[in-house]
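Structure data follow from protein-v1.txt (compact mmCIF, N, CA and C atoms):
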# COMPACT_ATOMS: atom_id res chain seq x y z
N MET A 379 31.54 -2.47 20.39
CA MET A 379 30.79 -1.26 20.65
C MET A 379 31.40 -0.54 21.83
N GLY A 380 31.34 0.78 21.83
CA GLY A 380 31.92 1.58 22.89
C GLY A 380 31.03 1.64 24.12
N ARG A 381 31.52 2.30 25.11
CA ARG A 381 30.80 2.46 26.36
C ARG A 381 29.72 3.53 26.19
N LEU A 382 28.55 3.28 26.73
CA LEU A 382 27.44 4.20 26.65
C LEU A 382 27.60 5.28 27.71
N PHE A 383 27.53 6.55 27.29
CA PHE A 383 27.67 7.68 28.20
C PHE A 383 26.32 8.38 28.29
N LEU A 384 25.70 8.32 29.47
CA LEU A 384 24.41 8.97 29.69
C LEU A 384 24.59 10.13 30.64
N VAL A 385 23.84 11.19 30.41
CA VAL A 385 23.89 12.37 31.26
C VAL A 385 22.62 12.40 32.09
N ASP A 386 22.77 12.57 33.40
CA ASP A 386 21.63 12.72 34.30
C ASP A 386 21.24 14.19 34.28
N LEU A 387 20.10 14.50 33.67
CA LEU A 387 19.65 15.88 33.58
C LEU A 387 19.17 16.34 34.95
N GLU A 388 19.62 17.49 35.37
CA GLU A 388 19.25 18.01 36.69
C GLU A 388 17.93 18.76 36.60
N GLY A 389 16.99 18.37 37.43
CA GLY A 389 15.66 18.98 37.44
C GLY A 389 14.62 17.99 36.94
N LYS A 390 13.37 18.44 36.91
CA LYS A 390 12.29 17.61 36.41
C LYS A 390 12.48 17.39 34.92
N SER A 391 12.31 16.13 34.51
CA SER A 391 12.59 15.83 33.11
C SER A 391 11.60 14.85 32.50
N TYR A 392 11.58 14.85 31.18
CA TYR A 392 10.85 13.86 30.39
C TYR A 392 11.87 12.80 30.00
N CYS A 393 11.45 11.54 29.96
CA CYS A 393 12.39 10.48 29.64
C CYS A 393 11.78 9.49 28.65
N CYS A 394 12.63 8.71 28.04
CA CYS A 394 12.23 7.68 27.07
C CYS A 394 11.27 6.71 27.77
N ARG A 395 10.18 6.40 27.12
CA ARG A 395 9.20 5.51 27.76
C ARG A 395 9.68 4.07 27.79
N HIS A 396 10.64 3.72 26.96
CA HIS A 396 11.13 2.34 26.92
C HIS A 396 12.19 2.05 27.96
N CYS A 397 13.13 2.99 28.14
CA CYS A 397 14.27 2.70 29.02
C CYS A 397 14.45 3.73 30.14
N LYS A 398 13.59 4.75 30.18
CA LYS A 398 13.60 5.79 31.23
C LYS A 398 14.84 6.69 31.22
N THR A 399 15.54 6.77 30.10
CA THR A 399 16.68 7.68 29.96
C THR A 399 16.19 9.11 29.86
N ASP A 400 16.79 10.03 30.64
CA ASP A 400 16.42 11.45 30.58
C ASP A 400 16.61 11.97 29.16
N ILE A 401 15.58 12.69 28.68
CA ILE A 401 15.61 13.23 27.32
C ILE A 401 15.58 14.76 27.31
N ALA A 402 14.71 15.35 28.12
CA ALA A 402 14.55 16.82 28.10
C ALA A 402 14.05 17.32 29.45
N LEU A 403 14.39 18.56 29.74
CA LEU A 403 13.95 19.18 31.00
C LEU A 403 12.61 19.89 30.83
N CYS A 404 11.82 19.86 31.89
CA CYS A 404 10.53 20.57 31.90
C CYS A 404 10.71 22.05 31.62
N ASP A 405 11.78 22.62 32.13
CA ASP A 405 12.03 24.05 31.94
C ASP A 405 12.24 24.44 30.48
N ASP A 406 12.50 23.46 29.61
CA ASP A 406 12.77 23.73 28.20
C ASP A 406 11.54 23.57 27.30
N VAL A 407 10.36 23.30 27.90
CA VAL A 407 9.13 23.21 27.12
C VAL A 407 8.75 24.60 26.64
N VAL A 408 8.54 24.72 25.33
CA VAL A 408 8.12 25.98 24.72
C VAL A 408 6.60 25.97 24.53
N SER A 409 6.06 24.82 24.12
CA SER A 409 4.62 24.70 23.88
C SER A 409 4.16 23.27 24.14
N LYS A 410 3.00 23.16 24.78
CA LYS A 410 2.39 21.85 25.00
C LYS A 410 1.19 21.64 24.09
N SER A 411 1.05 22.48 23.09
CA SER A 411 -0.13 22.42 22.23
C SER A 411 0.18 21.99 20.80
N PHE A 412 1.22 21.20 20.62
CA PHE A 412 1.53 20.67 19.30
C PHE A 412 0.80 19.36 19.07
N GLN A 413 0.61 19.03 17.81
CA GLN A 413 -0.07 17.80 17.44
C GLN A 413 0.82 17.07 16.44
N SER A 414 1.05 15.79 16.68
CA SER A 414 1.81 14.97 15.72
C SER A 414 0.84 14.00 15.06
N ARG A 415 1.31 13.21 14.15
CA ARG A 415 0.41 12.28 13.48
C ARG A 415 -0.12 11.23 14.46
N HIS A 416 0.58 11.04 15.58
CA HIS A 416 0.17 10.04 16.58
C HIS A 416 -0.52 10.65 17.79
N GLY A 417 -0.73 11.95 17.79
CA GLY A 417 -1.40 12.58 18.92
C GLY A 417 -0.64 13.80 19.40
N LYS A 418 -0.85 14.13 20.66
CA LYS A 418 -0.25 15.34 21.24
C LYS A 418 1.27 15.24 21.32
N ALA A 419 1.89 16.42 21.25
CA ALA A 419 3.35 16.51 21.29
C ALA A 419 3.74 17.83 21.94
N TYR A 420 4.98 17.89 22.43
CA TYR A 420 5.50 19.10 23.07
C TYR A 420 6.67 19.65 22.26
N LEU A 421 6.73 20.97 22.14
CA LEU A 421 7.86 21.65 21.50
C LEU A 421 8.84 22.07 22.59
N PHE A 422 10.12 21.73 22.41
CA PHE A 422 11.18 22.05 23.37
C PHE A 422 12.22 22.96 22.74
N SER A 423 12.74 23.88 23.53
CA SER A 423 13.82 24.74 23.04
C SER A 423 15.09 23.93 22.85
N LYS A 424 15.26 22.90 23.65
CA LYS A 424 16.39 21.98 23.51
C LYS A 424 16.01 20.63 24.09
N VAL A 425 16.60 19.60 23.55
CA VAL A 425 16.39 18.23 24.02
C VAL A 425 17.76 17.66 24.34
N GLY A 426 17.88 16.98 25.45
CA GLY A 426 19.16 16.41 25.85
C GLY A 426 19.95 17.34 26.75
N GLY A 427 19.43 18.49 27.05
CA GLY A 427 20.06 19.37 28.02
C GLY A 427 21.10 20.34 27.49
N PHE A 428 21.42 20.28 26.20
CA PHE A 428 22.45 21.15 25.65
C PHE A 428 21.97 21.81 24.37
N LEU A 429 22.50 22.96 24.06
CA LEU A 429 22.15 23.65 22.82
C LEU A 429 23.07 23.30 21.66
N CYS A 430 24.06 22.46 21.90
CA CYS A 430 25.01 22.11 20.84
C CYS A 430 24.41 21.05 19.92
N VAL A 431 25.09 20.79 18.80
CA VAL A 431 24.60 19.82 17.83
C VAL A 431 24.57 18.41 18.42
N ASP A 432 25.59 18.01 19.15
CA ASP A 432 25.62 16.69 19.78
C ASP A 432 24.98 16.79 21.15
N ARG A 433 23.74 16.40 21.23
CA ARG A 433 22.99 16.52 22.48
C ARG A 433 23.16 15.28 23.33
N ALA A 434 23.05 15.45 24.62
CA ALA A 434 23.19 14.34 25.55
C ALA A 434 21.95 13.43 25.48
N ASN A 435 22.17 12.15 25.53
CA ASN A 435 21.14 11.13 25.63
C ASN A 435 20.26 10.95 24.40
N VAL A 436 20.49 11.70 23.35
CA VAL A 436 19.77 11.50 22.09
C VAL A 436 20.76 11.61 20.93
N TYR A 437 20.38 11.02 19.81
CA TYR A 437 21.15 11.21 18.59
C TYR A 437 20.19 11.47 17.45
N ALA A 438 20.68 12.09 16.41
CA ALA A 438 19.83 12.51 15.29
C ALA A 438 20.03 11.62 14.08
N GLY A 439 18.94 11.43 13.35
CA GLY A 439 18.99 10.71 12.08
C GLY A 439 19.41 11.64 10.96
N LYS A 440 19.13 11.22 9.73
CA LYS A 440 19.50 12.01 8.56
C LYS A 440 18.49 13.12 8.33
N LYS A 441 18.99 14.25 7.79
CA LYS A 441 18.11 15.36 7.43
C LYS A 441 17.21 14.94 6.28
N GLU A 442 15.96 15.38 6.37
CA GLU A 442 15.04 15.13 5.26
C GLU A 442 14.00 16.24 5.23
N ASP A 443 13.55 16.54 4.02
CA ASP A 443 12.47 17.50 3.87
C ASP A 443 11.16 16.75 4.09
N ARG A 444 10.30 17.33 4.94
CA ARG A 444 9.04 16.67 5.28
C ARG A 444 7.91 17.69 5.17
N MET A 445 6.87 17.31 4.43
CA MET A 445 5.69 18.16 4.33
C MET A 445 4.82 17.90 5.55
N MET A 446 4.61 18.94 6.32
CA MET A 446 3.77 18.84 7.51
C MET A 446 2.56 19.75 7.32
N MET A 447 1.66 19.69 8.24
CA MET A 447 0.43 20.48 8.10
C MET A 447 0.72 21.98 8.09
N THR A 448 1.83 22.39 8.67
CA THR A 448 2.17 23.82 8.70
C THR A 448 3.16 24.19 7.60
N GLY A 449 3.41 23.28 6.67
CA GLY A 449 4.29 23.58 5.56
C GLY A 449 5.50 22.66 5.50
N LEU A 450 6.39 22.96 4.56
CA LEU A 450 7.58 22.15 4.34
C LEU A 450 8.67 22.52 5.34
N HIS A 451 9.27 21.50 5.94
CA HIS A 451 10.35 21.69 6.91
C HIS A 451 11.46 20.68 6.63
N THR A 452 12.70 21.07 6.91
CA THR A 452 13.80 20.12 6.94
C THR A 452 13.94 19.69 8.39
N VAL A 453 13.85 18.38 8.63
CA VAL A 453 13.86 17.85 9.99
C VAL A 453 14.83 16.68 10.10
N VAL A 454 15.18 16.36 11.33
CA VAL A 454 15.89 15.12 11.64
C VAL A 454 15.12 14.43 12.75
N ASP A 455 14.93 13.14 12.62
CA ASP A 455 14.32 12.38 13.70
C ASP A 455 15.34 12.27 14.82
N ILE A 456 14.86 12.26 16.07
CA ILE A 456 15.77 12.10 17.20
C ILE A 456 15.43 10.81 17.93
N TYR A 457 16.48 10.14 18.40
CA TYR A 457 16.38 8.82 18.98
C TYR A 457 17.06 8.79 20.35
N CYS A 458 16.53 7.94 21.22
CA CYS A 458 17.15 7.71 22.52
C CYS A 458 18.48 7.01 22.31
N VAL A 459 19.54 7.52 22.92
CA VAL A 459 20.87 6.95 22.73
C VAL A 459 21.01 5.58 23.41
N LYS A 460 20.21 5.32 24.42
CA LYS A 460 20.34 4.06 25.16
C LYS A 460 19.64 2.90 24.44
N CYS A 461 18.37 3.11 24.03
CA CYS A 461 17.62 1.99 23.45
C CYS A 461 17.32 2.17 21.96
N GLY A 462 17.59 3.35 21.41
CA GLY A 462 17.38 3.58 19.98
C GLY A 462 15.95 3.92 19.59
N SER A 463 15.06 4.10 20.56
CA SER A 463 13.67 4.43 20.26
C SER A 463 13.55 5.82 19.64
N ASP A 464 12.69 5.94 18.64
CA ASP A 464 12.36 7.22 18.04
C ASP A 464 11.52 7.98 19.05
N VAL A 465 11.97 9.18 19.46
CA VAL A 465 11.23 9.95 20.45
C VAL A 465 10.63 11.24 19.89
N GLY A 466 11.01 11.62 18.69
CA GLY A 466 10.47 12.84 18.09
C GLY A 466 11.32 13.32 16.93
N TRP A 467 11.35 14.63 16.73
CA TRP A 467 12.15 15.21 15.65
C TRP A 467 12.61 16.61 16.02
N ARG A 468 13.62 17.07 15.28
CA ARG A 468 14.15 18.43 15.46
C ARG A 468 14.02 19.18 14.14
N TYR A 469 13.57 20.43 14.22
CA TYR A 469 13.47 21.28 13.04
C TYR A 469 14.83 21.86 12.72
N GLU A 470 15.30 21.61 11.52
CA GLU A 470 16.56 22.19 11.05
C GLU A 470 16.30 23.45 10.23
N PHE A 471 15.24 23.43 9.43
CA PHE A 471 14.94 24.56 8.55
C PHE A 471 13.45 24.62 8.28
N ALA A 472 12.89 25.81 8.31
CA ALA A 472 11.49 26.02 7.96
C ALA A 472 11.43 26.85 6.69
N PHE A 473 10.70 26.38 5.70
CA PHE A 473 10.60 27.07 4.43
C PHE A 473 9.63 28.25 4.47
N GLU A 474 8.64 28.18 5.34
CA GLU A 474 7.66 29.25 5.50
C GLU A 474 8.19 30.28 6.50
N LYS A 475 8.07 31.54 6.16
CA LYS A 475 8.59 32.62 7.01
C LYS A 475 7.97 32.60 8.41
N ASN A 476 6.68 32.32 8.51
CA ASN A 476 6.01 32.33 9.81
C ASN A 476 6.30 31.08 10.65
N GLN A 477 7.09 30.17 10.12
CA GLN A 477 7.45 28.96 10.85
C GLN A 477 8.92 28.95 11.29
N LYS A 478 9.64 30.02 11.01
CA LYS A 478 11.07 30.11 11.33
C LYS A 478 11.36 29.95 12.82
N TYR A 479 10.41 30.30 13.68
CA TYR A 479 10.63 30.18 15.13
C TYR A 479 10.90 28.74 15.57
N LYS A 480 10.55 27.77 14.74
CA LYS A 480 10.74 26.35 15.08
C LYS A 480 12.17 25.87 14.84
N GLU A 481 12.92 26.60 14.04
CA GLU A 481 14.27 26.14 13.68
C GLU A 481 15.12 25.93 14.93
N GLY A 482 15.75 24.76 15.00
CA GLY A 482 16.61 24.42 16.13
C GLY A 482 15.85 23.85 17.33
N LYS A 483 14.53 23.86 17.26
CA LYS A 483 13.73 23.33 18.36
C LYS A 483 13.33 21.88 18.06
N SER A 484 12.95 21.17 19.10
CA SER A 484 12.61 19.75 18.96
C SER A 484 11.19 19.48 19.43
N VAL A 485 10.61 18.46 18.86
CA VAL A 485 9.28 18.00 19.26
C VAL A 485 9.40 16.59 19.81
N LEU A 486 8.85 16.37 20.99
CA LEU A 486 8.74 15.03 21.56
C LEU A 486 7.27 14.64 21.55
N GLU A 487 6.99 13.46 21.02
CA GLU A 487 5.62 12.98 20.99
C GLU A 487 5.28 12.42 22.37
N ARG A 488 4.13 12.83 22.91
CA ARG A 488 3.79 12.50 24.29
C ARG A 488 3.72 11.00 24.54
N TYR A 489 3.24 10.22 23.60
CA TYR A 489 3.10 8.80 23.86
C TYR A 489 4.45 8.07 23.85
N LYS A 490 5.50 8.77 23.44
CA LYS A 490 6.83 8.16 23.39
C LYS A 490 7.70 8.49 24.59
N VAL A 491 7.18 9.31 25.51
CA VAL A 491 7.98 9.74 26.66
C VAL A 491 7.19 9.57 27.96
N TRP A 492 7.92 9.45 29.05
CA TRP A 492 7.36 9.50 30.40
C TRP A 492 7.49 10.94 30.85
N GLY A 493 6.46 11.46 31.48
CA GLY A 493 6.49 12.81 31.99
C GLY A 493 7.19 12.89 33.33
N PRO A 494 7.41 14.10 33.82
CA PRO A 494 8.11 14.30 35.09
C PRO A 494 7.34 13.73 36.28
N ASP A 495 6.04 13.54 36.10
CA ASP A 495 5.22 12.98 37.17
C ASP A 495 5.11 11.46 37.07
N GLY A 496 5.85 10.86 36.14
CA GLY A 496 5.82 9.42 35.97
C GLY A 496 4.73 8.94 35.04
N ASN A 497 3.99 9.86 34.41
CA ASN A 497 2.91 9.51 33.52
C ASN A 497 3.46 9.23 32.13
N ASN A 498 2.98 8.16 31.50
CA ASN A 498 3.47 7.85 30.17
C ASN A 498 2.57 8.38 29.06
N TYR A 499 1.51 9.10 29.40
CA TYR A 499 0.67 9.81 28.43
C TYR A 499 0.00 8.91 27.39
N TRP A 500 -0.31 7.68 27.74
CA TRP A 500 -1.04 6.83 26.80
C TRP A 500 -2.46 7.33 26.61
N ILE A 501 -3.01 7.97 27.63
CA ILE A 501 -4.37 8.49 27.56
C ILE A 501 -4.30 10.01 27.47
N ALA A 502 -5.02 10.60 26.51
CA ALA A 502 -5.02 12.06 26.38
C ALA A 502 -5.55 12.66 27.67
N GLN A 503 -4.81 13.62 28.22
CA GLN A 503 -5.18 14.20 29.50
C GLN A 503 -5.67 15.63 29.38
N GLU A 504 -5.36 16.29 28.29
CA GLU A 504 -5.70 17.69 28.16
C GLU A 504 -6.50 17.89 26.89
N ASP A 505 -7.38 18.86 26.90
CA ASP A 505 -8.13 19.21 25.70
C ASP A 505 -7.64 20.54 25.17
N GLU A 506 -6.37 20.57 24.80
CA GLU A 506 -5.78 21.80 24.29
C GLU A 506 -5.93 21.83 22.78
N ALA A 507 -6.44 22.90 22.26
CA ALA A 507 -6.44 23.08 20.81
C ALA A 507 -5.13 23.80 20.51
N GLY A 508 -4.39 23.27 19.56
CA GLY A 508 -3.11 23.89 19.30
C GLY A 508 -2.65 23.70 17.89
N GLU A 509 -1.44 24.08 17.69
CA GLU A 509 -0.84 24.00 16.38
C GLU A 509 -0.61 22.55 16.00
N SER A 510 -0.99 22.20 14.82
CA SER A 510 -0.82 20.83 14.34
C SER A 510 0.40 20.79 13.45
N ASP A 511 1.27 19.85 13.71
CA ASP A 511 2.45 19.72 12.88
C ASP A 511 2.71 18.26 12.58
N SER A 512 1.67 17.54 12.29
CA SER A 512 1.84 16.16 11.90
C SER A 512 2.15 16.12 10.40
N ASP A 513 2.69 15.01 9.99
CA ASP A 513 2.95 14.82 8.56
C ASP A 513 1.64 14.69 7.83
N ASP A 514 1.58 15.16 6.59
CA ASP A 514 0.37 14.98 5.79
C ASP A 514 0.34 13.59 5.22

Kindly transcribe the structure held in the file into structure tokens.
Amino acid sequence: MGRLFLVDLEGKSYCCRHCKTDIALCDDVVSKSFQSRHGKAYLFSKVGGFLCVDRANVYAGKKEDRMMMTGLHTVVDIYCVKCGSDVGWRYEFAFEKNQKYKEGKSVLERYKVWGPDGNNYWIAQEDEAGESDSDD
């Protein structure tokens, strides 16, 4: 196996709850009102600190079409490059016109990440009503 290359993201960041590897910057949060099948989730403009296909500190699984509460989407699951934990997914394509804004953005499930304040979000902290995008 090759050498593991991790990028230290500059600024406040969310990290993998298992190994504390930086995953995404606070400045890249688009919405904190998403809902996944496991609870609250955050939508990010980018994960891993870069807008390119090969993002730092995460890798993507295979593309698949997934029916979610907001319609059919082509997504890839994203994983921590250090420990391999599933941390969320990235939208590749939205079939519904009103969901196109999600394309290229990523969702991190709150219970799978540590927040910038060191909180691992096991307990729901906010009562935000928001867009639900869990799998049906």

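Residues of protein, DNA or RNA having at least one counted atom within 5 Å of (12.5, 21.7, 18.5), given all atoms listed in the file, are A:Phe422, A:Arg468, A:Tyr469, A:Gly482, A:Lys483, A:Ser484, A:Val485.
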
Worksheet entry | Picked from chain A by DSSP as strand (DSSP E or B), as a ChimeraX atom specification | /A:391-394,400-403,407-414,417-422,436-438,442-446,449-458,464-472,484-487,491-492,510,513

Worksheet item: Mind pulling up the distance from atom CA of Arg488 of chain A to atom CA of Glu474 of chain A?
Response: 25.5 Å

Worksheet entry | Given only C-alpha atoms as the counted atoms, nearest of A:Gly426, A:Gly439, A:Pro494, A:Gly466 to Gln413 of chain A | A:Gly466

Discussion item. Nearest residue to Val436 of chain A out of A:Lys424, A:His396, A:Lys460, A:Lys418, using only N, CA and C atoms?
Written reply: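 Selected residue with least distance to Val436 of chain A: A:Lys460.
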
Discussion item. With distances taken over only N, CA and C atoms, which residue among A:Thr452, A:Thr399, A:Ser414, A:Ser391 lies nearest Glu487 of chain A?
Written reply: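 Once distances to Glu487 of chain A are computed over only N, CA and C atoms, the minimum belongs to A:Ser414.
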
Once you add 4 Å to each side, what are the centre and edge lengths of the axis-aligned box holding all listed atoms of segment 464-470 of chain A? One decimal in Å, as AutoDock Vina command-line options, if you can.
--center_x 13.5 --center_y 14.7 --center_z 15.3 --size_x 14.1 --size_y 25.5 --size_z 18.2

Worksheet item: Separation of atom CA of Arg395 of chain A and atom CA of Tyr489 of chain A, in Å?
Response: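 Separating atom CA of Arg395 of chain A from atom CA of Tyr489 of chain A is a distance of 8.0 Å.
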
Practice prompt. For Ile401 of chain A, work out the shell of residues within 6 Å, counting all atoms listed in the file and skipping chain neighbours fewer than 4 positions away, then give it as number ranges by chain.
Written response: A: 391-394, 425-427, 435

Worksheet item: Quick one, how far is atom CA of His416 of chain A from atom CA of Tyr479 of chain A?
Response: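 Distance between the two atoms: 22.7 Å.
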
Discussion item. Counting all atoms listed in the file, which residue out of A:Leu421, A:Leu403, A:Val454, A:Leu382 sits closest to Lys440 of chain A?
Written reply: A:Val454

Worksheet entry | Nearest to Asp495 of chain A by atom-to-atom distance, counting only C-alpha atoms, from A:Val385, A:Val459, A:Cys404, A:Ala434 |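 Residue with the minimum atom-to-atom distance to Asp495 of chain A: A:Cys404.
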
Fill in: Protein and nucleic acid residues near (4.4, 25.5, 20.5) (cut-off 6 Å, only C-alpha atoms) as a ChimeraX atom specification
/A:408-409,411-412,421
